[in-house]
file structure_12.csv (CSV, C-alpha atoms)
chain,number,residue,atom,x,y,z
A,1,MET,CA,0.0,0.0,0.0
A,2,ALA,CA,1.5,3.4,-1.0
A,3,VAL,CA,1.7,5.7,1.9
A,4,ASN,CA,2.8,9.3,2.0
A,5,ALA,CA,3.1,10.5,5.6
A,6,ASP,CA,3.4,14.1,4.4
A,7,ALA,CA,0.2,13.9,2.4
A,8,PRO,CA,-2.0,16.9,3.3
A,9,VAL,CA,-5.1,16.2,5.4
A,10,ASN,CA,-8.3,18.0,4.7
A,11,TYR,CA,-9.1,19.2,8.3
A,12,ASP,CA,-12.4,20.8,7.2
A,13,HIS,CA,-13.5,17.4,6.1
A,14,LEU,CA,-12.0,15.6,9.1
A,15,SER,CA,-13.9,18.0,11.4
A,16,GLN,CA,-17.3,16.7,10.3
A,17,GLY,CA,-17.2,13.7,12.6
A,18,TYR,CA,-15.3,15.3,15.5
A,19,ASN,CA,-18.3,16.2,17.7
A,20,ALA,CA,-19.7,12.7,17.4
A,21,TYR,CA,-16.5,10.7,17.9
A,22,ARG,CA,-13.9,12.9,19.5
A,23,ARG,CA,-15.5,13.6,22.9
A,24,PRO,CA,-13.0,14.5,25.6
A,25,ASP,CA,-12.3,11.8,28.1
A,26,ALA,CA,-12.8,13.1,31.7
A,27,ARG,CA,-9.8,11.2,33.0
A,28,ILE,CA,-7.4,12.6,30.4
A,29,ALA,CA,-8.9,16.0,30.9
A,30,ALA,CA,-8.2,15.9,34.6
A,31,MET,CA,-4.5,15.1,33.9
A,32,ILE,CA,-4.3,18.1,31.5
A,33,ARG,CA,-6.0,20.4,34.0
A,34,GLU,CA,-3.6,19.3,36.7
A,35,ALA,CA,-0.6,19.9,34.5
A,36,LEU,CA,-1.8,23.5,33.7
A,37,GLY,CA,-2.0,24.3,37.4
A,38,GLU,CA,-2.7,27.7,38.7
A,39,VAL,CA,-2.9,29.7,35.5
A,40,ARG,CA,-5.5,32.2,34.5
A,41,THR,CA,-5.1,32.5,30.7
A,42,VAL,CA,-4.3,29.7,28.2
A,43,LEU,CA,-3.7,29.7,24.4
A,44,ASN,CA,-5.0,26.4,23.0
A,45,ILE,CA,-2.9,25.8,19.9
A,46,GLY,CA,-4.4,23.4,17.3
A,47,ALA,CA,-7.6,23.7,19.3
A,48,GLY,CA,-9.9,22.0,16.9
A,49,THR,CA,-13.4,21.8,18.2
A,50,GLY,CA,-12.3,22.7,21.7
A,51,ALA,CA,-11.8,19.4,23.5
A,52,TYR,CA,-9.9,19.5,26.8
A,53,GLU,CA,-10.2,23.3,27.2
A,54,PRO,CA,-10.6,24.0,30.9
A,55,LEU,CA,-13.9,25.7,31.8
A,56,ASP,CA,-12.4,27.6,34.8
A,57,ILE,CA,-9.7,29.4,32.8
A,58,ASP,CA,-9.8,32.1,30.1
A,59,VAL,CA,-9.0,30.3,26.9
A,60,VAL,CA,-8.1,31.6,23.4
A,61,ALA,CA,-8.4,29.0,20.7
A,62,VAL,CA,-6.2,28.9,17.6
A,63,ASP,CA,-6.6,26.5,14.7
A,64,ALA,CA,-5.7,26.7,11.0
A,65,SER,CA,-9.0,25.0,10.0
A,66,HIS,CA,-12.1,27.0,9.6
A,67,GLY,CA,-14.1,23.8,9.6
A,68,MET,CA,-12.8,22.8,13.0
A,69,LEU,CA,-13.4,26.2,14.5
A,70,SER,CA,-16.9,26.4,13.1
A,71,ARG,CA,-17.9,23.3,14.9
A,72,ARG,CA,-16.9,24.5,18.3
A,73,ILE,CA,-19.6,24.9,21.0
A,74,ASN,CA,-17.8,27.9,22.4
A,75,ARG,CA,-16.9,30.2,19.5
A,76,ASP,CA,-15.8,33.1,21.7
A,77,HIS,CA,-12.1,34.1,21.6
A,78,VAL,CA,-11.3,32.1,18.5
A,79,VAL,CA,-8.5,32.9,16.0
A,80,GLN,CA,-7.8,31.2,12.7
A,81,ALA,CA,-4.0,31.0,12.5
A,82,ARG,CA,-1.2,28.5,12.2
A,83,ALA,CA,0.9,27.2,15.2
A,84,GLU,CA,4.1,28.3,13.4
A,85,TRP,CA,3.0,32.0,13.2
A,86,LEU,CA,0.9,32.9,16.2
A,87,PRO,CA,-0.5,36.4,15.9
A,88,PHE,CA,0.1,37.4,19.6
A,89,ALA,CA,2.7,39.4,21.4
A,90,ASP,CA,5.4,37.8,23.6
A,91,ASN,CA,4.2,36.6,27.0
A,92,THR,CA,0.5,37.2,26.3
A,93,PHE,CA,-0.7,34.1,28.1
A,94,ASP,CA,0.1,32.2,31.3
A,95,ALA,CA,0.3,28.9,29.4
A,96,ALA,CA,0.2,27.4,26.0
A,97,LEU,CA,-1.7,24.1,25.5
A,98,GLY,CA,-1.5,21.6,22.6
A,99,VAL,CA,-3.5,18.4,22.6
A,100,LEU,CA,-2.6,15.8,20.0
A,101,THR,CA,-1.7,18.5,17.6
A,102,LEU,CA,2.1,18.5,17.0
A,103,HIS,CA,1.8,15.9,14.2
A,104,HIS,CA,-0.5,18.3,12.3
A,105,TRP,CA,2.0,21.2,12.3
A,106,SER,CA,4.1,21.8,9.2
A,107,ASP,CA,7.1,22.7,11.4
A,108,TRP,CA,6.7,21.4,15.0
A,109,GLN,CA,9.9,23.1,16.1
A,110,ALA,CA,8.8,26.5,14.9
A,111,GLY,CA,5.4,25.9,16.5
A,112,LEU,CA,7.0,25.0,19.9
A,113,ARG,CA,9.1,28.1,19.7
A,114,GLU,CA,6.0,30.2,19.1
A,115,ALA,CA,4.2,28.5,22.0
A,116,GLN,CA,7.2,29.3,24.3
A,117,ARG,CA,7.3,32.8,23.0
A,118,VAL,CA,3.6,33.7,23.8
A,119,ALA,CA,3.5,31.8,27.2
A,120,ARG,CA,4.8,33.4,30.4
A,121,ARG,CA,4.8,30.3,32.6
A,122,LYS,CA,4.5,26.9,30.9
A,123,VAL,CA,3.7,24.9,27.8
A,124,VAL,CA,1.6,21.7,28.2
A,125,LEU,CA,1.4,19.1,25.4
A,126,LEU,CA,-0.5,15.8,25.0
A,127,THR,CA,1.5,13.9,22.5
A,128,TRP,CA,2.6,10.4,21.5
A,129,SER,CA,6.0,8.6,21.6
A,130,ALA,CA,7.0,5.8,19.3
A,131,ALA,CA,9.1,4.3,22.2
A,132,SER,CA,6.0,2.5,23.5
A,133,PRO,CA,4.3,-0.8,23.5
A,134,ARG,CA,3.2,-1.8,20.0
A,135,PHE,CA,-0.4,-1.3,19.2
A,136,TRP,CA,-2.1,-4.4,17.9
A,137,LEU,CA,-3.9,-2.5,15.1
A,138,THR,CA,-0.5,-2.2,13.3
A,139,ASP,CA,-0.6,-6.0,12.9
A,140,TYR,CA,-3.6,-5.4,10.5
A,141,ILE,CA,-2.7,-2.0,9.2
A,142,PRO,CA,1.1,-1.5,9.5
A,143,GLU,CA,0.9,1.9,7.9
A,144,VAL,CA,-0.8,3.3,11.0
A,145,GLY,CA,2.4,2.9,13.0
A,146,THR,CA,4.7,3.9,10.2
A,147,ILE,CA,3.0,7.3,9.7
A,148,ASP,CA,2.9,8.1,13.4
A,149,GLN,CA,6.6,7.4,13.8
A,150,HIS,CA,7.4,9.8,11.0
A,151,LEU,CA,5.1,12.6,12.3
A,152,PHE,CA,5.4,12.7,16.1
A,153,PRO,CA,8.6,14.2,17.7
A,154,GLU,CA,10.0,12.2,20.6
A,155,PRO,CA,10.1,13.8,24.1
A,156,GLY,CA,13.8,14.3,23.7
A,157,GLU,CA,13.3,16.2,20.6
A,158,ILE,CA,10.7,18.4,22.3
A,159,GLN,CA,13.1,19.0,25.1
A,160,SER,CA,15.7,20.2,22.6
A,161,VAL,CA,13.4,23.1,21.8
A,162,LEU,CA,11.6,23.8,25.2
A,163,GLY,CA,14.4,22.9,27.6
A,164,ALA,CA,13.7,20.8,30.7
A,165,ILE,CA,10.4,19.0,30.5
A,166,ASP,CA,8.3,16.7,32.8
A,167,VAL,CA,6.9,13.7,31.0
A,168,ARG,CA,4.0,11.7,32.3
A,169,GLU,CA,2.5,8.4,31.0
A,170,VAL,CA,-1.1,8.8,29.9
A,171,ARG,CA,-2.7,5.4,30.1
A,172,ILE,CA,-5.8,4.9,27.9
A,173,PRO,CA,-9.0,3.7,29.6
A,174,HIS,CA,-10.7,0.7,28.0
A,175,ASP,CA,-13.9,2.8,27.6
A,176,CYS,CA,-12.2,6.0,26.5
A,177,THR,CA,-14.7,8.5,25.1
A,178,ASP,CA,-12.2,10.3,22.9
A,179,GLY,CA,-11.9,8.4,19.6
A,180,PHE,CA,-8.3,9.0,18.8
A,181,GLN,CA,-6.2,6.3,17.2
A,182,CYS,CA,-5.7,3.9,20.2
A,183,ALA,CA,-8.9,4.7,22.0
A,184,TYR,CA,-10.6,1.6,20.9
A,185,TRP,CA,-7.9,-0.9,22.0
A,186,ALA,CA,-10.4,-3.0,23.9
A,187,ARG,CA,-13.2,-2.6,21.3
A,188,PRO,CA,-11.7,-3.8,18.1
A,189,GLU,CA,-15.0,-3.8,16.2
A,190,ARG,CA,-15.1,0.0,16.4
A,191,TYR,CA,-12.3,0.3,13.9
A,192,LEU,CA,-14.6,-1.3,11.3
A,193,GLU,CA,-16.9,1.7,11.5
A,194,PRO,CA,-16.2,4.3,8.7
A,195,GLY,CA,-17.2,7.1,11.0
A,196,VAL,CA,-14.6,6.1,13.6
A,197,ARG,CA,-11.8,6.0,11.0
A,198,ALA,CA,-13.0,9.3,9.4
A,199,ALA,CA,-12.3,11.0,12.8
A,200,ILE,CA,-8.7,9.7,13.0
A,201,SER,CA,-6.3,11.8,10.9
A,202,THR,CA,-3.9,8.9,10.3
A,203,PHE,CA,-6.5,7.1,8.2
A,204,ALA,CA,-6.9,10.2,6.1
A,205,ARG,CA,-3.2,9.8,5.0
A,206,ILE,CA,-3.6,6.3,3.6
A,207,PRO,CA,-5.8,4.6,1.1
A,208,GLU,CA,-8.7,2.7,2.5
A,209,PRO,CA,-7.0,-0.4,4.1
A,210,THR,CA,-9.7,-2.8,2.9
A,211,ALA,CA,-7.6,-6.0,3.2
A,212,GLY,CA,-6.5,-5.2,6.7
A,213,LEU,CA,-10.0,-4.3,7.9
A,214,GLN,CA,-11.4,-7.5,6.4
A,215,ARG,CA,-8.8,-9.6,8.3
A,216,LEU,CA,-9.7,-7.8,11.5
A,217,ALA,CA,-13.4,-8.5,10.9
A,218,ASP,CA,-12.7,-12.1,10.2
A,219,ASP,CA,-10.5,-12.4,13.3
A,220,ILE,CA,-13.2,-10.8,15.5
A,221,THR,CA,-15.8,-13.2,14.2
A,222,SER,CA,-13.7,-16.3,14.5
A,223,GLY,CA,-12.3,-15.4,17.9
A,224,ALA,CA,-8.7,-15.2,16.7
A,225,TRP,CA,-8.4,-11.5,17.8
A,226,ARG,CA,-9.4,-12.4,21.4
A,227,GLN,CA,-7.0,-15.4,21.3
A,228,ARG,CA,-4.1,-13.2,20.3
A,229,TYR,CA,-4.9,-10.0,22.2
A,230,GLY,CA,-7.4,-11.0,24.9
A,231,HIS,CA,-4.7,-10.7,27.5
A,232,LEU,CA,-5.0,-6.9,27.2
A,233,LEU,CA,-8.5,-7.1,28.4
A,234,THR,CA,-7.5,-8.2,31.9
A,235,GLU,CA,-6.6,-4.5,32.6
A,236,THR,CA,-8.8,-1.4,32.5
A,237,THR,CA,-6.1,0.8,31.1
A,238,GLN,CA,-3.1,0.4,28.7
A,239,ASP,CA,0.0,2.3,27.8
A,240,PHE,CA,0.2,2.9,24.0
A,241,GLY,CA,2.7,5.8,24.1
A,242,TYR,CA,0.6,8.8,24.9
A,243,ARG,CA,2.5,11.3,27.0
A,244,LEU,CA,1.8,14.5,28.8
A,245,VAL,CA,4.7,16.9,28.5
A,246,THR,CA,5.1,20.0,30.6
A,247,ALA,CA,7.8,22.6,30.2
A,248,GLU,CA,8.1,25.4,32.8
A,249,ILE,CA,9.3,28.7,31.4
A,250,SER,CA,11.8,30.1,33.9
A,251,HIS,CA,12.5,33.2,31.9
A,252,ALA,CA,10.5,34.5,29.0
A,253,PRO,CA,12.1,35.1,25.6
A,254,THR,CA,12.9,38.8,25.0

call {"tool": "encode", "arguments": {"input": "structure_12.csv", "output": "C-alpha coordinates"}}
result
Amino acid sequence: MAVNADAPVNYDHLSQGYNAYRRPDARIAAMIREALGEVRTVLNIGAGTGAYEPLDIDVVAVDASHGMLSRRINRDHVVQARAEWLPFADNTFDAALGVLTLHHWSDWQAGLREAQRVARRKVVLLTWSAASPRFWLTDYIPEVGTIDQHLFPEPGEIQSVLGAIDVREVRIPHDCTDGFQCAYWARPERYLEPGVRAAISTFARIPEPTAGLQRLADDITSGAWRQRYGHLLTETTQDFGYRLVTAEISHAPT
(Lines of atoms letter the chains of each structure in order from A and count residues from 1; the text may use other names and numbers.)
(Lines give C-alpha, C1' and ligand atoms only; values in the text may rest on other atoms or scores of the structure.)
Protein backbone atom coordinates (compact mmCIF):
# COMPACT_ATOMS: atom_id res chain seq x y z
CA MET A 1 0.00 0.00 0.00
CA ALA A 2 1.46 3.36 -1.04
CA VAL A 3 1.68 5.73 1.88
CA ASN A 4 2.78 9.34 2.00
CA ALA A 5 3.14 10.47 5.61
CA ASP A 6 3.44 14.06 4.41
CA ALA A 7 0.21 13.93 2.43
CA PRO A 8 -2.03 16.87 3.34
CA VAL A 9 -5.11 16.21 5.44
CA ASN A 10 -8.35 18.03 4.72
CA TYR A 11 -9.11 19.17 8.25
CA ASP A 12 -12.35 20.85 7.24
CA HIS A 13 -13.55 17.42 6.09
CA LEU A 14 -12.03 15.64 9.08
CA SER A 15 -13.89 17.96 11.44
CA GLN A 16 -17.28 16.70 10.29
CA GLY A 17 -17.22 13.73 12.65
CA TYR A 18 -15.33 15.27 15.54
CA ASN A 19 -18.26 16.20 17.74
CA ALA A 20 -19.68 12.69 17.42
CA TYR A 21 -16.48 10.68 17.87
CA ARG A 22 -13.90 12.94 19.51
CA ARG A 23 -15.54 13.64 22.85
CA PRO A 24 -13.01 14.51 25.57
CA ASP A 25 -12.35 11.80 28.12
CA ALA A 26 -12.79 13.14 31.66
CA ARG A 27 -9.81 11.19 33.03
CA ILE A 28 -7.44 12.59 30.45
CA ALA A 29 -8.95 16.04 30.90
CA ALA A 30 -8.18 15.87 34.63
CA MET A 31 -4.52 15.13 33.91
CA ILE A 32 -4.28 18.07 31.53
CA ARG A 33 -5.96 20.41 33.99
CA GLU A 34 -3.58 19.32 36.74
CA ALA A 35 -0.59 19.94 34.49
CA LEU A 36 -1.80 23.47 33.71
CA GLY A 37 -1.96 24.26 37.41
CA GLU A 38 -2.66 27.75 38.73
CA VAL A 39 -2.90 29.71 35.51
CA ARG A 40 -5.51 32.22 34.46
CA THR A 41 -5.06 32.45 30.69
CA VAL A 42 -4.33 29.72 28.16
CA LEU A 43 -3.73 29.66 24.43
CA ASN A 44 -4.99 26.37 23.01
CA ILE A 45 -2.93 25.78 19.87
CA GLY A 46 -4.44 23.45 17.28
CA ALA A 47 -7.61 23.72 19.32
CA GLY A 48 -9.89 21.97 16.87
CA THR A 49 -13.44 21.78 18.19
CA GLY A 50 -12.34 22.67 21.72
CA ALA A 51 -11.83 19.36 23.51
CA TYR A 52 -9.91 19.55 26.80
CA GLU A 53 -10.22 23.30 27.20
CA PRO A 54 -10.60 24.03 30.94
CA LEU A 55 -13.88 25.70 31.83
CA ASP A 56 -12.42 27.61 34.76
CA ILE A 57 -9.69 29.41 32.78
CA ASP A 58 -9.84 32.09 30.11
CA VAL A 59 -8.97 30.30 26.86
CA VAL A 60 -8.14 31.64 23.42
CA ALA A 61 -8.40 28.98 20.72
CA VAL A 62 -6.20 28.89 17.63
CA ASP A 63 -6.59 26.54 14.68
CA ALA A 64 -5.75 26.72 11.00
CA SER A 65 -8.96 24.95 9.97
CA HIS A 66 -12.11 27.02 9.59
CA GLY A 67 -14.13 23.78 9.62
CA MET A 68 -12.76 22.79 13.02
CA LEU A 69 -13.37 26.21 14.52
CA SER A 70 -16.89 26.44 13.08
CA ARG A 71 -17.91 23.26 14.89
CA ARG A 72 -16.91 24.51 18.32
CA ILE A 73 -19.61 24.86 20.97
CA ASN A 74 -17.79 27.89 22.38
CA ARG A 75 -16.86 30.23 19.54
CA ASP A 76 -15.76 33.12 21.72
CA HIS A 77 -12.08 34.08 21.63
CA VAL A 78 -11.30 32.10 18.48
CA VAL A 79 -8.51 32.93 16.02
CA GLN A 80 -7.81 31.20 12.73
CA ALA A 81 -4.02 30.96 12.51
CA ARG A 82 -1.19 28.46 12.22
CA ALA A 83 0.88 27.23 15.15
CA GLU A 84 4.05 28.31 13.38
CA TRP A 85 2.97 31.96 13.16
CA LEU A 86 0.92 32.92 16.19
CA PRO A 87 -0.54 36.45 15.94
CA PHE A 88 0.12 37.36 19.58
CA ALA A 89 2.73 39.40 21.40
CA ASP A 90 5.38 37.84 23.60
CA ASN A 91 4.19 36.64 27.03
CA THR A 92 0.51 37.19 26.26
CA PHE A 93 -0.74 34.05 28.06
CA ASP A 94 0.12 32.25 31.26
CA ALA A 95 0.29 28.93 29.42
CA ALA A 96 0.18 27.41 25.96
CA LEU A 97 -1.66 24.12 25.47
CA GLY A 98 -1.47 21.63 22.61
CA VAL A 99 -3.54 18.43 22.61
CA LEU A 100 -2.60 15.78 20.04
CA THR A 101 -1.67 18.49 17.58
CA LEU A 102 2.12 18.47 17.03
CA HIS A 103 1.82 15.93 14.21
CA HIS A 104 -0.49 18.31 12.34
CA TRP A 105 1.99 21.20 12.27
CA SER A 106 4.10 21.77 9.17
CA ASP A 107 7.07 22.67 11.40
CA TRP A 108 6.66 21.43 14.96
CA GLN A 109 9.91 23.06 16.10
CA ALA A 110 8.77 26.48 14.92
CA GLY A 111 5.39 25.88 16.54
CA LEU A 112 6.97 25.02 19.88
CA ARG A 113 9.15 28.11 19.75
CA GLU A 114 6.02 30.16 19.13
CA ALA A 115 4.24 28.47 22.04
CA GLN A 116 7.18 29.26 24.28
CA ARG A 117 7.27 32.83 23.04
CA VAL A 118 3.65 33.66 23.82
CA ALA A 119 3.48 31.82 27.17
CA ARG A 120 4.77 33.36 30.37
CA ARG A 121 4.82 30.30 32.61
CA LYS A 122 4.46 26.93 30.90
CA VAL A 123 3.75 24.85 27.82
CA VAL A 124 1.60 21.72 28.21
CA LEU A 125 1.38 19.11 25.44
CA LEU A 126 -0.48 15.84 25.04
CA THR A 127 1.48 13.90 22.46
CA TRP A 128 2.64 10.41 21.49
CA SER A 129 5.97 8.60 21.61
CA ALA A 130 6.97 5.76 19.31
CA ALA A 131 9.08 4.29 22.16
CA SER A 132 6.01 2.54 23.54
CA PRO A 133 4.29 -0.85 23.49
CA ARG A 134 3.23 -1.83 19.99
CA PHE A 135 -0.43 -1.27 19.24
CA TRP A 136 -2.15 -4.39 17.92
CA LEU A 137 -3.88 -2.48 15.11
CA THR A 138 -0.54 -2.23 13.32
CA ASP A 139 -0.63 -6.01 12.86
CA TYR A 140 -3.57 -5.43 10.54
CA ILE A 141 -2.69 -1.99 9.16
CA PRO A 142 1.10 -1.50 9.47
CA GLU A 143 0.92 1.93 7.86
CA VAL A 144 -0.78 3.31 10.95
CA GLY A 145 2.40 2.89 12.97
CA THR A 146 4.73 3.92 10.17
CA ILE A 147 2.99 7.26 9.68
CA ASP A 148 2.91 8.12 13.37
CA GLN A 149 6.60 7.38 13.82
CA HIS A 150 7.36 9.83 11.05
CA LEU A 151 5.09 12.62 12.28
CA PHE A 152 5.42 12.71 16.08
CA PRO A 153 8.57 14.16 17.69
CA GLU A 154 9.98 12.20 20.61
CA PRO A 155 10.09 13.81 24.08
CA GLY A 156 13.85 14.27 23.74
CA GLU A 157 13.32 16.25 20.56
CA ILE A 158 10.68 18.38 22.27
CA GLN A 159 13.12 19.01 25.09
CA SER A 160 15.72 20.23 22.60
CA VAL A 161 13.36 23.13 21.84
CA LEU A 162 11.61 23.82 25.16
CA GLY A 163 14.37 22.92 27.59
CA ALA A 164 13.73 20.80 30.69
CA ILE A 165 10.43 18.96 30.55
CA ASP A 166 8.33 16.72 32.76
CA VAL A 167 6.92 13.66 30.97
CA ARG A 168 3.99 11.68 32.35
CA GLU A 169 2.53 8.45 30.99
CA VAL A 170 -1.10 8.76 29.93
CA ARG A 171 -2.75 5.36 30.12
CA ILE A 172 -5.80 4.94 27.91
CA PRO A 173 -9.00 3.68 29.57
CA HIS A 174 -10.74 0.68 28.02
CA ASP A 175 -13.86 2.81 27.61
CA CYS A 176 -12.16 6.01 26.46
CA THR A 177 -14.69 8.48 25.09
CA ASP A 178 -12.24 10.34 22.85
CA GLY A 179 -11.93 8.43 19.60
CA PHE A 180 -8.27 9.03 18.80
CA GLN A 181 -6.23 6.27 17.25
CA CYS A 182 -5.67 3.92 20.20
CA ALA A 183 -8.89 4.74 22.03
CA TYR A 184 -10.64 1.55 20.95
CA TRP A 185 -7.89 -0.86 21.96
CA ALA A 186 -10.41 -2.96 23.91
CA ARG A 187 -13.21 -2.56 21.34
CA PRO A 188 -11.68 -3.76 18.06
CA GLU A 189 -15.00 -3.83 16.23
CA ARG A 190 -15.14 -0.02 16.38
CA TYR A 191 -12.31 0.28 13.85
CA LEU A 192 -14.60 -1.33 11.29
CA GLU A 193 -16.88 1.74 11.45
CA PRO A 194 -16.24 4.30 8.69
CA GLY A 195 -17.19 7.15 11.04
CA VAL A 196 -14.59 6.10 13.59
CA ARG A 197 -11.84 5.98 10.97
CA ALA A 198 -12.96 9.27 9.44
CA ALA A 199 -12.32 11.04 12.76
CA ILE A 200 -8.73 9.73 13.00
CA SER A 201 -6.30 11.78 10.93
CA THR A 202 -3.89 8.89 10.25
CA PHE A 203 -6.54 7.11 8.20
CA ALA A 204 -6.87 10.22 6.05
CA ARG A 205 -3.23 9.80 4.97
CA ILE A 206 -3.57 6.25 3.65
CA PRO A 207 -5.80 4.57 1.07
CA GLU A 208 -8.73 2.66 2.53
CA PRO A 209 -7.05 -0.41 4.14
CA THR A 210 -9.69 -2.84 2.88
CA ALA A 211 -7.63 -6.01 3.21
CA GLY A 212 -6.47 -5.25 6.74
CA LEU A 213 -9.97 -4.34 7.87
CA GLN A 214 -11.35 -7.55 6.39
CA ARG A 215 -8.76 -9.60 8.26
CA LEU A 216 -9.68 -7.78 11.46
CA ALA A 217 -13.38 -8.45 10.89
CA ASP A 218 -12.68 -12.12 10.21
CA ASP A 219 -10.52 -12.44 13.34
CA ILE A 220 -13.18 -10.81 15.52
CA THR A 221 -15.82 -13.20 14.17
CA SER A 222 -13.66 -16.31 14.50
CA GLY A 223 -12.32 -15.42 17.93
CA ALA A 224 -8.73 -15.19 16.66
CA TRP A 225 -8.44 -11.55 17.78
CA ARG A 226 -9.35 -12.44 21.36
CA GLN A 227 -7.02 -15.41 21.30
CA ARG A 228 -4.10 -13.16 20.28
CA TYR A 229 -4.86 -10.00 22.20
CA GLY A 230 -7.37 -10.99 24.86
CA HIS A 231 -4.69 -10.71 27.55
CA LEU A 232 -4.97 -6.93 27.19
CA LEU A 233 -8.54 -7.08 28.44
CA THR A 234 -7.45 -8.17 31.91
CA GLU A 235 -6.61 -4.52 32.64
CA THR A 236 -8.81 -1.42 32.49
CA THR A 237 -6.06 0.84 31.08
CA GLN A 238 -3.13 0.38 28.73
CA ASP A 239 -0.03 2.34 27.80
CA PHE A 240 0.20 2.88 24.05
CA GLY A 241 2.66 5.76 24.09
CA TYR A 242 0.57 8.81 24.91
CA ARG A 243 2.53 11.28 27.00
CA LEU A 244 1.76 14.51 28.84
CA VAL A 245 4.70 16.88 28.48
CA THR A 246 5.06 20.00 30.62
CA ALA A 247 7.75 22.64 30.20
CA GLU A 248 8.12 25.35 32.82
CA ILE A 249 9.29 28.68 31.42
CA SER A 250 11.76 30.12 33.91
CA HIS A 251 12.52 33.21 31.86
CA ALA A 252 10.46 34.47 28.96
CA PRO A 253 12.12 35.15 25.62
CA THR A 254 12.87 38.81 24.97

call {"tool": "atom_distance", "arguments": {"input": "structure_12.csv", "atom1": "atom CA of A:Ala89", "atom2": "atom CA of A:Asp107"}}
result
20.0 Å

call {"tool": "closest_residue", "arguments": {"input": "structure_12.csv", "among": "A:Leu232, A:Ala51, A:Ile73, A:Met68", "to": "A:Gly179", "atoms": "all atoms listed in the file"}}
result
A:Ala51

call {"tool": "closest_residue", "arguments": {"input": "structure_12.csv", "among": "A:Glu169, A:Asp56, A:Leu192, A:His104", "to": "A:Ala131", "atoms": "only C-alpha atoms"}}
result
A:Glu169

call {"tool": "closest_residue", "arguments": {"input": "structure_12.csv", "among": "A:Ala64, A:Val79, A:Ile249, A:Val99", "to": "A:Val161", "atoms": "only C-alpha atoms"}}
result
A:Ile249

call {"tool": "closest_residue", "arguments": {"input": "structure_12.csv", "among": "A:Asp148, A:Glu157, A:Tyr140, A:Trp225", "to": "A:Gly212", "atoms": "only C-alpha atoms"}}
result
A:Tyr140

call {"tool": "residues_around", "arguments": {"input": "structure_12.csv", "residues": "A:Arg120", "least_positions_apart": "6", "cutoff": "10 Å", "atoms": "all atoms listed in the file", "output": "ChimeraX atom specification"}}
result
/A:39,41,90-96,248-253

call {"tool": "residues_near_point", "arguments": {"input": "structure_12.csv", "point": "(-8.2, 35.4, 22.1)", "cutoff": "9 Å", "atoms": "all atoms listed in the file", "output": "PyMOL selection string"}}
result
chain A and resi 43+58-62+76-79+88

call {"tool": "residues_around", "arguments": {"input": "structure_12.csv", "residues": "stretch 238-241 of chain A", "least_positions_apart": "4", "cutoff": "7 Å", "atoms": "all atoms listed in the file", "output": "NGL selection string"}}
result
:A and (128-135 or 170-173)

call {"tool": "closest_residue", "arguments": {"input": "structure_12.csv", "among": "A:Asp178, A:Glu189, A:Thr236, A:His150", "to": "A:Gln214", "atoms": "only C-alpha atoms"}}
result
A:Glu189

call {"tool": "closest_residue", "arguments": {"input": "structure_12.csv", "among": "A:Arg33, A:Arg27, A:Arg22, A:Arg228", "to": "A:Gly48", "atoms": "all atoms listed in the file"}}
result
A:Arg22

call {"tool": "atom_distance", "arguments": {"input": "structure_12.csv", "atom1": "atom CA of A:Gly46", "atom2": "atom CA of A:Glu84"}}
result
10.6 Å

call {"tool": "residues_around", "arguments": {"input": "structure_12.csv", "residues": "A:His103", "least_positions_apart": "6", "cutoff": "10 Å", "atoms": "only C-alpha atoms", "output": "list in words"}}
result
Thr127, Trp128, Ile147, Asp148, Gln149, His150, Leu151, Phe152, Pro153, Ser201 and Thr202 of chain A

call {"tool": "atom_distance", "arguments": {"input": "structure_12.csv", "atom1": "atom CA of A:Val144", "atom2": "atom CA of A:Ala204"}}
result
10.4 Å

call {"tool": "residues_around", "arguments": {"input": "structure_12.csv", "residues": "A:Pro87", "least_positions_apart": "4", "cutoff": "10 Å", "atoms": "all atoms listed in the file", "output": "MDAnalysis selection string"}}
result
chainID A and resid 62 79:83 114 118

call {"tool": "residues_around", "arguments": {"input": "structure_12.csv", "residues": "A:Leu69", "least_positions_apart": "2", "cutoff": "6 Å", "atoms": "all atoms listed in the file", "output": "ChimeraX atom specification"}}
result
/A:48-49,66-67,71-72

call {"tool": "build_atoms", "arguments": {"input": "structure_12.csv", "residues": "stretch 65-79 of chain A", "atoms": "N, CA and C atoms", "output": "short mmCIF file (atom, residue, chain, number, x, y, z; two decimals), keeping the file's coordinate frame"}}
result
data_model
loop_
_atom_site.label_atom_id
_atom_site.label_comp_id
_atom_site.auth_asym_id
_atom_site.auth_seq_id
_atom_site.Cartn_x
_atom_site.Cartn_y
_atom_site.Cartn_z
N SER A 65 -7.81 25.45 10.71
CA SER A 65 -9.00 25.00 10.00
C SER A 65 -10.23 25.71 10.35
N HIS A 66 -10.83 26.35 9.36
CA HIS A 66 -12.10 27.00 9.60
C HIS A 66 -13.18 26.00 9.96
N GLY A 67 -13.13 24.81 9.33
CA GLY A 67 -14.10 23.80 9.60
C GLY A 67 -14.09 23.35 11.08
N MET A 68 -12.89 23.16 11.61
CA MET A 68 -12.80 22.80 13.00
C MET A 68 -13.34 23.88 13.92
N LEU A 69 -12.94 25.11 13.67
CA LEU A 69 -13.40 26.20 14.50
C LEU A 69 -14.89 26.42 14.43
N SER A 70 -15.45 26.20 13.27
CA SER A 70 -16.90 26.40 13.10
C SER A 70 -17.75 25.41 13.82
N ARG A 71 -17.16 24.30 14.20
CA ARG A 71 -17.90 23.30 14.90
C ARG A 71 -17.72 23.30 16.40
N ARG A 72 -17.08 24.35 16.89
CA ARG A 72 -16.90 24.50 18.30
C ARG A 72 -18.23 24.90 18.98
N ILE A 73 -18.45 24.41 20.19
CA ILE A 73 -19.60 24.90 21.00
C ILE A 73 -19.37 26.29 21.44
N ASN A 74 -18.17 26.55 21.93
CA ASN A 74 -17.80 27.90 22.40
C ASN A 74 -16.97 28.56 21.29
N ARG A 75 -17.56 29.56 20.63
CA ARG A 75 -16.90 30.20 19.50
C ARG A 75 -16.34 31.61 19.95
N ASP A 76 -16.35 31.88 21.24
CA ASP A 76 -15.80 33.10 21.70
C ASP A 76 -14.24 32.97 21.74
N HIS A 77 -13.54 34.07 21.53
CA HIS A 77 -12.10 34.10 21.60
C HIS A 77 -11.45 33.02 20.73
N VAL A 78 -11.80 33.05 19.47
CA VAL A 78 -11.30 32.10 18.50
C VAL A 78 -10.52 32.85 17.41
N VAL A 79 -9.36 32.32 17.05
CA VAL A 79 -8.50 32.90 16.00
C VAL A 79 -8.09 31.86 15.03
#
